[in-house]
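Below you'll find the structure, written out as structure tokens, and then a few comments.
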Amino acid sequence: MSKRQRGSIPPFTRVEHDTKQQSAYRQIRDAMMTGGFRPGQRVSIRAVAGAMGISAMPVREAMWRLEAQGALVLLPERAFAVPGLNKGALQELRDVRLALEGLATERAAENLEPGELDRISDIREQMDDAARAEEHRAYLNLNQAFHFAIYAGAKSPLLTDMIESLWLRISPYLNLIFDDKGHRKRSSDDHRKAEEALLERDGEAARRAIESDISGGLEDLFSRLPETAPDPGGGGEWTGGDSA
């Protein structure tokens with residue numbers, strides 16, 4: 001498997017005129033939530049706009065929106081970068097994720113339709129396949145899809161929006177632990193337990209499995225973090241191509 005070039009850019013699709021700002025926001029947001037960025041990475045407005053085939057303005061507006069959500073930081077030269085988080089900030093994110101994602105999972109156990117449960121099972125199986133093949137980007141995409149397929153079952157748009165804002169901040173760090181086979185094995189076990197509990201409509205057990213996945217991921221991440229948070233803008237620049 002080829003590694004993504006450090007500082008490179010995920011693939012984007014061209015944007016139609018009437019949806020420029022919203023589509024630009026959605027594509028950048030989705031890339032952030034599926035491992036398209038790394039902590040401290042500088043994001044080039046010009047490179048993103050060029051990849052989407054649009055002017056810089058809608059991309060800049062999309063990045064301002066993400067900056068307001070805490071997913072990007074504005075650098076002094078009016079460029080953007082993925083923020084670096086210290087261990088205290090990551091622990092705080094974990095605690096809030098445990099509360100919100102645990103609640104969403106518990107509610108989902110009561111509300112998921114049979115077709116939604118089938119989709120969760122399908123995604124979980126695809127994740128295992130991607131992990132075995134060491135397909136980095138596919139795995140991270142499926143990981144996000146698995147979790148949010150569960151959270152959607154809570155039938156609470158507000159709760160889902162709040163969880164999404166947390167994932168925008170934590171997802172760049174998932175790149176750091178993908179190649180840890182021990183992490184992938186533990187995460188796969190937790191996902192399987194969550195799936196089984198949801199099929200049994202056991203909300204408490206499903207919640208415990210998701211909370212174990214979140215907590216275990218942070219423990220694995222801490223073993224790989226430097227003592228100081230990455231300097232925003234010091235992690236390379238997005239200049240084109242796929243960054244995974």
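As shown in the structure tokens, the chain order sets the letters A, B, ...; within each chain, residues go from 1, and ligands are also counted from 1 in the order they appear.
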task: Using only C-alpha atoms, determine which residues lie at most 6 Å from A:Ala194, disregarding the query and same-chain residues fewer than 3 positions distant; provide the list as a VMD selection string.
output: chain A and resid 191 197 206 209
Could you write out the selected residues, including C-alpha atoms, as a CSV table (one decimal), in the first residue's frame?
chain,number,residue,atom,x,y,z
A,191,HIS,CA,-17.0,-2.5,17.2
A,197,ALA,CA,-25.3,-5.4,21.5
A,206,ALA,CA,-23.6,-1.1,23.2
A,209,ALA,CA,-18.5,-1.0,23.8
message: Excluding A:Met162 and its own-chain neighbours fewer than 6 positions away, which residues fall within 12 Å of it when counting only C-alpha atoms? Please give them as a ChimeraX atom specification.
response: /A:69,93,96-97,99-101,103-104,148,151,156,168-169
message: Please return, as an NGL selection string, all residues of stretch 41-173 of chain A that DSSP assigns to helix (DSSP H, G or I) on the basis of the backbone.
response: :A and (45-52 or 56-68 or 87-111 or 114-132 or 136-152 or 157-173)
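Residues surrounding A:Leu221 within 8 Å are Tyr173, Leu174, Leu176 and Ile177 of chain A [only C-alpha atoms; sequence separation below 6 positions excluded].
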Strand (DSSP E or B) positions in stretch 4-128 of chain A, given as a ChimeraX atom specification: /A:42-43,73-74,80-81
Could those selected residues go to a file with C-alpha atoms, as a tab-separated table (two decimals), in the first residue's frame?
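Below is the file that was written, part06.tsv:
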chain	number	residue	atom	x	y	z
A	42	ARG	CA	-1.34	23.97	6.95
A	43	VAL	CA	-4.31	24.18	4.55
A	73	VAL	CA	-7.16	27.88	13.25
A	74	LEU	CA	-6.42	31.13	11.44
A	80	PHE	CA	-5.49	28.19	7.96
A	81	ALA	CA	-4.10	25.15	9.73
What are the closest atom pairs, with distances in Å to one decimal, for all residues of stretch 80-172 of chain A lying within 8 Å of stretch 18-35 of chain A? Consider only C-alpha atoms, order rows by chain and residue number, and present the result as a Markdown table.
| residue | atom | partner | partner_atom | distance |
| --- | --- | --- | --- | --- |
| A:Arg137 | CA | A:Gly35 | CA | 6.8 |
| A:Leu140 | CA | A:Thr34 | CA | 5.1 |
| A:Asn141 | CA | A:Thr34 | CA | 5.0 |
| A:Asn143 | CA | A:Thr34 | CA | 8.0 |
| A:Gln144 | CA | A:Thr34 | CA | 6.4 |
| A:Trp167 | CA | A:Met33 | CA | 6.0 |
| A:Leu168 | CA | A:Met33 | CA | 5.4 |
| A:Ser171 | CA | A:Met33 | CA | 5.2 |
| A:Pro172 | CA | A:Gly35 | CA | 5.5 |
- request: Find the residue from A:Leu158, A:Gly153, A:Ala62, A:Glu211 that sits nearest to A:Gly115; use only C-alpha atoms when measuring.
  value: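 The answer is A:Gly153, which sits nearest to A:Gly115.
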query: Neighbours of A:Ser223 within 12 Å (only C-alpha atoms; same-chain residues fewer than 3 positions away dropped), as number ranges by chain?
result: A: 87, 176-177, 180, 183, 216-220, 226-227
query: Just how far from atom CA of A:Leu90 is atom CA of A:Leu142, in Å to one decimal?
result: 22.4 Å
- request: State, in Å with one decimal place, the distance from atom CA of A:Leu85 to atom CA of A:Trp64.
  value: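 Separation of atom CA of A:Leu85 and atom CA of A:Trp64: 19.2 Å.
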- prompt: A:Asp129: which residues within 10 Å, counting only C-alpha atoms, same-chain residues fewer than 5 positions away excluded, as JSON, numbers by chain?
  reply: {"A": [123, 124, 134, 135, 138, 139]}
Okay, now the selection with N, CA and C atoms, as a short mmCIF file (atom, residue, chain, number, x, y, z; two decimals), in the first residue's frame?
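Done, and the output landed in again04.cif:
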data_model
loop_
_atom_site.label_atom_id
_atom_site.label_comp_id
_atom_site.auth_asym_id
_atom_site.auth_seq_id
_atom_site.Cartn_x
_atom_site.Cartn_y
_atom_site.Cartn_z
N ILE A 123 -21.00 -2.33 7.29
CA ILE A 123 -19.86 -1.42 7.44
C ILE A 123 -18.79 -2.03 8.33
N ARG A 124 -19.22 -2.67 9.40
CA ARG A 124 -18.25 -3.29 10.32
C ARG A 124 -17.43 -4.37 9.60
N GLU A 134 -4.75 -3.18 5.20
CA GLU A 134 -4.02 -1.96 5.56
C GLU A 134 -4.33 -0.82 4.62
N GLU A 135 -5.61 -0.68 4.30
CA GLU A 135 -6.07 0.42 3.45
C GLU A 135 -6.48 1.58 4.36
N ALA A 138 -9.54 4.04 3.37
CA ALA A 138 -10.79 3.30 3.37
C ALA A 138 -11.21 2.96 4.80
N TYR A 139 -10.24 2.56 5.61
CA TYR A 139 -10.54 2.21 7.00
C TYR A 139 -11.09 3.41 7.77
#
query: Quick one: distance from atom CA of A:Ala68 to atom CA of A:Asn86 in Å, one decimal?
result: 19.4 Å
